[in-house]
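Just data_38.cif here, mmCIF, C-alpha atoms, pLDDT in the B column; chains and numbers go by the auth columns:
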data_structure
#
loop_
_atom_site.group_PDB
_atom_site.id
_atom_site.type_symbol
_atom_site.label_atom_id
_atom_site.label_comp_id
_atom_site.label_asym_id
_atom_site.label_seq_id
_atom_site.Cartn_x
_atom_site.Cartn_y
_atom_site.Cartn_z
_atom_site.B_iso_or_equiv
_atom_site.auth_seq_id
_atom_site.auth_asym_id
ATOM 1 C CA MET A 1 -8.269 -11.226 15.630 53.00 467 M
ATOM 2 C CA VAL A 2 -12.035 -10.947 15.931 62.00 468 M
ATOM 3 C CA THR A 3 -13.607 -8.182 13.895 73.00 469 M
ATOM 4 C CA THR A 4 -15.425 -5.839 16.241 77.00 470 M
ATOM 5 C CA PRO A 5 -18.433 -3.722 15.293 81.00 471 M
ATOM 6 C CA ALA A 6 -16.240 -0.641 15.861 78.00 472 M
ATOM 7 C CA ASP A 7 -13.637 -1.927 13.377 75.00 473 M
ATOM 8 C CA LEU A 8 -16.339 -2.632 10.818 83.00 474 M
ATOM 9 C CA SER A 9 -17.949 0.778 11.293 84.00 475 M
ATOM 10 C CA ALA A 10 -14.555 2.471 10.945 78.00 476 M
ATOM 11 C CA ILE A 11 -14.121 1.155 7.413 80.00 477 M
ATOM 12 C CA MET A 12 -17.719 1.183 6.158 88.00 478 M
ATOM 13 C CA ILE A 13 -18.404 4.850 6.963 88.00 479 M
ATOM 14 C CA LYS A 14 -15.208 5.871 5.144 87.00 480 M
ATOM 15 C CA LEU A 15 -15.614 3.800 1.970 90.00 481 M
ATOM 16 C CA PRO A 16 -15.903 5.764 -1.268 89.00 482 M
ATOM 17 C CA PRO A 17 -19.588 6.725 -1.470 89.00 483 M
ATOM 18 C CA THR A 18 -21.105 4.924 -4.423 92.00 484 M
ATOM 19 C CA ASP A 19 -24.555 3.452 -4.953 93.00 485 M
ATOM 20 C CA HIS A 20 -23.004 -0.028 -5.221 95.00 486 M
ATOM 21 C CA VAL A 21 -20.376 -0.692 -2.540 94.00 487 M
ATOM 22 C CA ARG A 22 -18.123 -3.663 -3.285 95.00 488 M
ATOM 23 C CA VAL A 23 -15.962 -5.120 -0.521 95.00 489 M
ATOM 24 C CA ALA A 24 -13.637 -8.112 -0.859 95.00 490 M
ATOM 25 C CA GLU A 25 -12.413 -10.084 2.112 93.00 491 M
ATOM 26 C CA PHE A 26 -9.133 -11.943 1.777 90.00 492 M
ATOM 27 C CA ALA A 27 -8.899 -14.166 4.856 84.00 493 M
ATOM 28 C CA HIS A 28 -6.932 -17.178 5.973 84.00 494 M
ATOM 29 C CA GLY A 29 -9.382 -19.676 7.427 82.00 495 M
ATOM 30 C CA GLY A 30 -13.031 -18.773 7.845 82.00 496 M
ATOM 31 C CA PRO A 31 -14.394 -15.355 6.947 86.00 497 M
ATOM 32 C CA ASP A 32 -14.716 -12.477 9.425 84.00 498 M
ATOM 33 C CA LEU A 33 -17.407 -10.699 7.434 88.00 499 M
ATOM 34 C CA ASP A 34 -20.811 -11.645 6.112 87.00 500 M
ATOM 35 C CA GLU A 35 -23.579 -9.846 4.224 86.00 501 M
ATOM 36 C CA ASP A 36 -25.707 -9.399 7.358 87.00 502 M
ATOM 37 C CA ARG A 37 -22.923 -7.658 9.293 86.00 503 M
ATOM 38 C CA LEU A 38 -22.157 -5.336 6.386 87.00 504 M
ATOM 39 C CA GLY A 39 -25.842 -4.620 5.861 84.00 505 M
ATOM 40 C CA GLY A 40 -26.203 -3.365 9.414 86.00 506 M
ATOM 41 C CA VAL A 41 -23.443 -0.744 9.229 89.00 507 M
ATOM 42 C CA TRP A 42 -23.962 2.893 8.225 89.00 508 M
ATOM 43 C CA THR A 43 -22.205 4.105 5.044 90.00 509 M
ATOM 44 C CA HIS A 44 -21.152 7.560 3.885 88.00 510 M
ATOM 45 C CA TYR A 45 -23.342 7.189 0.793 90.00 511 M
ATOM 46 C CA GLU A 46 -26.343 6.586 3.025 91.00 512 M
ATOM 47 C CA SER A 47 -25.552 9.580 5.243 87.00 513 M
ATOM 48 C CA VAL A 48 -25.424 11.903 2.206 87.00 514 M
ATOM 49 C CA THR A 49 -28.255 10.535 0.059 90.00 515 M
ATOM 50 C CA GLY A 50 -30.547 8.990 2.653 91.00 516 M
ATOM 51 C CA ARG A 51 -30.592 5.799 0.569 92.00 517 M
ATOM 52 C CA ARG A 52 -28.928 2.512 1.368 93.00 518 M
ATOM 53 C CA PRO A 53 -26.359 1.451 -1.241 94.00 519 M
ATOM 54 C CA LEU A 54 -26.299 -2.059 -2.635 94.00 520 M
ATOM 55 C CA ILE A 55 -23.493 -3.789 -0.728 94.00 521 M
ATOM 56 C CA THR A 56 -21.755 -6.790 -2.255 94.00 522 M
ATOM 57 C CA LEU A 57 -19.276 -8.869 -0.266 94.00 523 M
ATOM 58 C CA HIS A 58 -16.813 -11.059 -2.137 94.00 524 M
ATOM 59 C CA GLN A 59 -15.004 -13.824 -0.245 92.00 525 M
ATOM 60 C CA ALA A 60 -11.761 -13.874 -2.211 91.00 526 M
ATOM 61 C CA ARG A 61 -8.484 -15.759 -2.422 87.00 527 M
ATOM 62 C CA LEU A 62 -5.297 -14.386 -3.883 86.00 528 M
ATOM 63 C CA GLY A 63 -4.539 -15.928 -7.238 83.00 529 M
ATOM 64 C CA GLU A 64 -8.048 -17.351 -7.599 82.00 530 M
ATOM 65 C CA THR A 65 -10.168 -14.207 -7.703 76.00 531 M
ATOM 66 C CA THR A 66 -9.496 -11.444 -10.163 81.00 532 M
ATOM 67 C CA PHE A 67 -10.830 -7.946 -9.863 91.00 533 M
ATOM 68 C CA GLY A 68 -10.383 -5.292 -12.498 91.00 534 M
ATOM 69 C CA ASP A 69 -8.619 -2.029 -11.875 94.00 535 M
ATOM 70 C CA GLU A 70 -10.540 0.090 -9.385 94.00 536 M
ATOM 71 C CA ASP A 71 -13.390 -2.453 -8.973 95.00 537 M
ATOM 72 C CA LEU A 72 -13.576 -2.346 -5.178 96.00 538 M
ATOM 73 C CA ASN A 73 -14.513 0.251 -2.577 94.00 539 M
ATOM 74 C CA GLY A 74 -12.796 -1.742 0.153 94.00 540 M
ATOM 75 C CA VAL A 75 -10.627 -4.740 0.943 94.00 541 M
ATOM 76 C CA TRP A 76 -10.760 -6.465 4.327 92.00 542 M
ATOM 77 C CA CYS A 77 -7.627 -8.405 5.243 90.00 543 M
ATOM 78 C CA GLY A 78 -7.792 -8.824 9.027 83.00 544 M
ATOM 79 C CA ARG A 79 -6.421 -12.358 8.786 85.00 545 M
ATOM 80 C CA PRO A 80 -4.182 -12.361 5.712 90.00 546 M
ATOM 81 C CA PRO A 81 -3.326 -15.369 3.590 88.00 547 M
ATOM 82 C CA LEU A 82 -0.174 -17.256 4.535 90.00 548 M
ATOM 83 C CA PHE A 83 2.698 -15.720 2.579 93.00 549 M
ATOM 84 C CA ALA A 84 5.676 -17.917 1.667 93.00 550 M
ATOM 85 C CA ALA A 85 8.003 -14.984 1.033 96.00 551 M
ATOM 86 C CA ALA A 86 8.168 -11.190 1.298 97.00 552 M
ATOM 87 C CA GLU A 87 7.612 -10.936 -2.467 96.00 553 M
ATOM 88 C CA ASP A 88 4.240 -12.664 -2.037 95.00 554 M
ATOM 89 C CA ALA A 89 3.159 -10.167 0.629 96.00 555 M
ATOM 90 C CA HIS A 90 4.305 -7.218 -1.518 97.00 556 M
ATOM 91 C CA GLY A 91 2.444 -8.759 -4.456 95.00 557 M
ATOM 92 C CA ALA A 92 -0.747 -9.018 -2.377 95.00 558 M
ATOM 93 C CA LEU A 93 -0.516 -5.335 -1.419 96.00 559 M
ATOM 94 C CA GLY A 94 -0.124 -4.512 -5.116 95.00 560 M
ATOM 95 C CA VAL A 95 -3.217 -6.586 -5.985 94.00 561 M
ATOM 96 C CA PHE A 96 -5.227 -4.816 -3.282 95.00 562 M
ATOM 97 C CA HIS A 97 -4.024 -1.390 -4.444 95.00 563 M
ATOM 98 C CA ARG A 98 -4.821 -2.078 -8.096 95.00 564 M
ATOM 99 C CA ALA A 99 -8.317 -3.416 -7.328 95.00 565 M
ATOM 100 C CA LEU A 100 -9.283 -0.478 -5.100 95.00 566 M
ATOM 101 C CA MET A 101 -10.852 2.657 -6.528 93.00 567 M
ATOM 102 C CA GLY A 102 -9.382 6.029 -5.611 88.00 568 M
ATOM 103 C CA HIS A 103 -9.714 6.570 -1.864 87.00 569 M
ATOM 104 C CA GLY A 104 -10.589 2.881 -1.534 92.00 570 M
ATOM 105 C CA LEU A 105 -9.785 1.387 1.842 92.00 571 M
ATOM 106 C CA LEU A 106 -7.752 -1.609 2.928 93.00 572 M
ATOM 107 C CA TYR A 107 -8.100 -2.925 6.481 90.00 573 M
ATOM 108 C CA VAL A 108 -5.073 -4.841 7.772 90.00 574 M
ATOM 109 C CA ASP A 109 -3.617 -5.974 11.085 87.00 575 M
ATOM 110 C CA PRO A 110 0.151 -5.399 10.592 89.00 576 M
ATOM 111 C CA ALA A 111 0.911 -7.417 13.742 88.00 577 M
ATOM 112 C CA HIS A 112 -0.712 -10.563 12.335 90.00 578 M
ATOM 113 C CA PRO A 113 1.896 -13.353 12.130 92.00 579 M
ATOM 114 C CA HIS A 114 1.347 -13.847 8.382 93.00 580 M
ATOM 115 C CA TRP A 115 2.766 -10.360 7.709 94.00 581 M
ATOM 116 C CA ARG A 116 6.031 -11.261 9.522 94.00 582 M
ATOM 117 C CA VAL A 117 7.601 -12.138 6.162 97.00 583 M
ATOM 118 C CA LEU A 118 7.873 -8.341 5.797 96.00 584 M
ATOM 119 C CA GLY A 119 9.333 -7.891 9.293 95.00 585 M
ATOM 120 C CA ALA A 120 7.879 -6.004 12.246 92.00 586 M
ATOM 121 C CA PRO A 121 4.520 -4.170 12.087 89.00 587 M
ATOM 122 C CA ASP A 122 6.323 -0.926 11.219 88.00 588 M
ATOM 123 C CA ASP A 123 7.832 -2.700 8.194 94.00 589 M
ATOM 124 C CA VAL A 124 4.294 -3.596 7.070 93.00 590 M
ATOM 125 C CA LEU A 125 3.367 0.084 7.357 90.00 591 M
ATOM 126 C CA ASP A 126 6.432 0.985 5.269 93.00 592 M
ATOM 127 C CA ALA A 127 5.350 -1.560 2.642 95.00 593 M
ATOM 128 C CA LEU A 128 1.863 -0.025 2.579 94.00 594 M
ATOM 129 C CA GLY A 129 3.378 3.412 1.993 92.00 595 M
ATOM 130 C CA ALA A 130 5.666 2.113 -0.748 94.00 596 M
ATOM 131 C CA THR A 131 2.652 0.541 -2.483 94.00 597 M
ATOM 132 C CA GLY A 132 0.768 3.855 -2.598 92.00 598 M
ATOM 133 C CA PHE A 133 -1.281 3.768 0.585 92.00 599 M
ATOM 134 C CA SER A 134 -1.463 6.219 3.431 86.00 600 M
ATOM 135 C CA PHE A 135 -2.898 4.946 6.678 76.00 601 M
ATOM 136 C CA VAL A 136 -4.451 5.672 10.037 71.00 602 M
ATOM 137 C CA ARG A 137 -4.544 3.404 13.049 66.00 603 M
ATOM 138 C CA VAL A 138 -7.972 2.046 13.881 63.00 604 M
ATOM 139 C CA ARG A 139 -6.996 0.041 16.938 62.00 605 M
ATOM 140 C CA PRO A 140 -4.270 1.355 19.244 61.00 606 M
ATOM 141 C CA GLU A 141 -3.578 -1.991 20.946 64.00 607 M
ATOM 142 C CA PRO A 142 0.072 -2.992 20.470 62.00 608 M
ATOM 143 C CA ASP A 143 -0.809 -6.663 19.874 62.00 609 M
ATOM 144 C CA HIS A 144 -3.388 -5.901 17.161 61.00 610 M
ATOM 145 C CA PRO A 145 -2.885 -2.391 15.765 67.00 611 M
ATOM 146 C CA GLY A 146 -5.584 -2.377 13.111 76.00 612 M
ATOM 147 C CA VAL A 147 -4.751 -0.081 10.221 82.00 613 M
ATOM 148 C CA LEU A 148 -7.035 1.470 7.676 81.00 614 M
ATOM 149 C CA ALA A 149 -4.952 2.092 4.548 84.00 615 M
ATOM 150 C CA VAL A 150 -6.255 4.596 1.989 85.00 616 M
ATOM 151 C CA LYS A 151 -5.408 4.383 -1.713 87.00 617 M
ATOM 152 C CA LYS A 152 -3.955 7.829 -2.287 74.00 618 M
ATOM 153 C CA LEU A 153 -4.854 10.131 -5.121 63.00 619 M
ATOM 154 C CA ARG A 154 -2.792 13.098 -6.219 53.00 620 M
ATOM 155 C CA CYS A 155 -5.525 15.468 -5.066 54.00 621 M
ATOM 156 C CA CYS A 156 -5.237 14.181 -1.513 54.00 622 M
ATOM 157 C CA GLU A 157 -1.655 13.198 -0.877 51.00 623 M
ATOM 158 C CA ASP A 158 -2.359 12.647 2.805 49.00 624 M
ATOM 159 C CA GLY A 159 -4.876 9.977 1.824 46.00 625 M
ATOM 160 C CA SER A 160 -7.774 11.600 3.647 49.00 626 M
ATOM 161 C CA PRO A 161 -11.001 10.084 2.366 49.00 627 M
ATOM 162 C CA LEU A 162 -12.918 13.346 2.137 52.00 628 M
ATOM 163 C CA TYR A 163 -15.953 13.537 -0.092 56.00 629 M
ATOM 164 C CA ASP A 164 -17.790 16.608 -1.219 56.00 630 M
ATOM 165 C CA ARG A 165 -21.482 16.205 -0.398 55.00 631 M
ATOM 166 C CA GLN A 166 -22.565 17.916 -3.605 51.00 632 M
ATOM 167 C CA ALA A 167 -20.346 15.665 -5.738 56.00 633 M
ATOM 168 C CA VAL A 168 -21.886 12.585 -4.119 56.00 634 M
ATOM 169 C CA LEU A 169 -25.390 13.915 -4.778 56.00 635 M
ATOM 170 C CA ARG A 170 -24.528 14.749 -8.434 58.00 636 M
ATOM 171 C CA SER A 171 -23.238 11.209 -9.023 63.00 637 M
ATOM 172 C CA THR A 172 -26.295 9.581 -7.454 62.00 638 M
ATOM 173 C CA PRO A 173 -28.485 7.779 -9.994 65.00 639 M
#
Any chance you could put this one into structure tokens?
Amino acid sequence: MVTTPADLSAIMIKLPPTDHVRVAEFAHGGPDLDEDRLGGVWTHYESVTGRRPLITLHQARLGETTFGDEDLNGVWCGRPPLFAAAEDAHGALGVFHRALMGHGLLYVDPAHPHWRVLGAPDDVLDALGATGFSFVRVRPEPDHPGVLAVKKLRCCEDGSPLYDRQAVLRSTP
């Protein structure tokens, strides 16, 4: 699946608004994202503060790249790694969840063939929910139903990535 500007905008504007936005892409084959594409997309932090955040893109591979707990604002997984078994796919979702900060976002295409180890696309959505994500559909196409999964916090059980403008301004250096 080719990453469209609309898909990219859908995740970047909803990322947790911090002055340093960190996004990791886990992709099978060549990357979908690059620094230039990310640099050209509006962020929530920018809309509130009027300043562009520092955006860092990490090209990552499962098992080779380690991120600490809550290190990332977003994870892009439009073309997931090839999973040998369902346990590997569940493990990847756990890695993504652990590395994302509260309200961090994960972009996935549940219809991608590499997720089939979990079953049908609805089974991927169930696995996301079981891992602690809530989600919204970004692309309605049946062949490539892009999903933006939100790391839930207790304060927002529906996973809505809502940010208080004043809180963002108070946390701005």
Task: atom CA of Val590 of chain M to atom CA of Gly570 of chain M, straight-line distance in Å - done: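 Rounded to one decimal, the two atoms are 18.4 Å apart.
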Task: d(atom CA of Thr531 of chain M, atom CA of Ile477 of chain M) in Å - done: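 Answer for the atom CA of Thr531 of chain M to atom CA of Ile477 of chain M separation: 21.9 Å.
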Open item on the list: Translate the PyMOL selection byres ((chain M and resi 562) around 12) into a concrete residue list for this structure, as a ChimeraX atom specification.
Closed with: /M:489-492,526-529,531-543,546,555-561,563-568,570-574,594,597-599,615-617
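Across the model, the gap from atom CA of Asp575 of chain M to atom CA of Gly505 of chain M is 22.9 Å.
Distance check against Leu474 of chain M using all atoms listed in the file: of M:Val487, M:Val583, M:Leu499, M:Ala550, the minimum falls on M:Leu499.
With distances restricted to only C-alpha atoms, M:Asp485 is the closest residue to Glu512 of chain M from M:Asp485, M:Asp554, M:Asp592, M:Asp498.
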TODO: Any chance you could resolve the PyMOL selection byres ((chain M and resi 521) around 7) against this file and give the residues as number ranges by chain?
DONE: M: 486-488, 519-520, 522-523
Selection result of the PyMOL selection byres ((chain M and resi 587) around 6) on this file, as a tab-separated table (two decimals) with C-alpha atoms, keeping the file's coordinate frame:
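See selection.tsv below for the written result:
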chain	number	residue	atom	x	y	z
M	576	PRO	CA	0.15	-5.40	10.59
M	577	ALA	CA	0.91	-7.42	13.74
M	586	ALA	CA	7.88	-6.00	12.25
M	588	ASP	CA	6.32	-0.93	11.22
M	589	ASP	CA	7.83	-2.70	8.19
M	590	VAL	CA	4.29	-3.60	7.07
Task: Pick from M:Pro483, M:Pro471, M:Gly595, M:Pro547 nearest to Val507 of chain M, counting all atoms listed in the file - done: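 Result for the nearest residue to Val507 of chain M: M:Pro471.
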Task: Given all atoms listed in the file as the counted atoms, nearest of M:Val613, M:Ala551, M:Ser600, M:Leu481 to His578 of chain M - done: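 For His578 of chain M, the nearest of the given residues is M:Val613.
With all atoms listed in the file as the basis for measurement, M:Leu504 is the residue among M:Glu553, M:Tyr511, M:Arg517, M:Leu504 that approaches Asp473 of chain M most closely.
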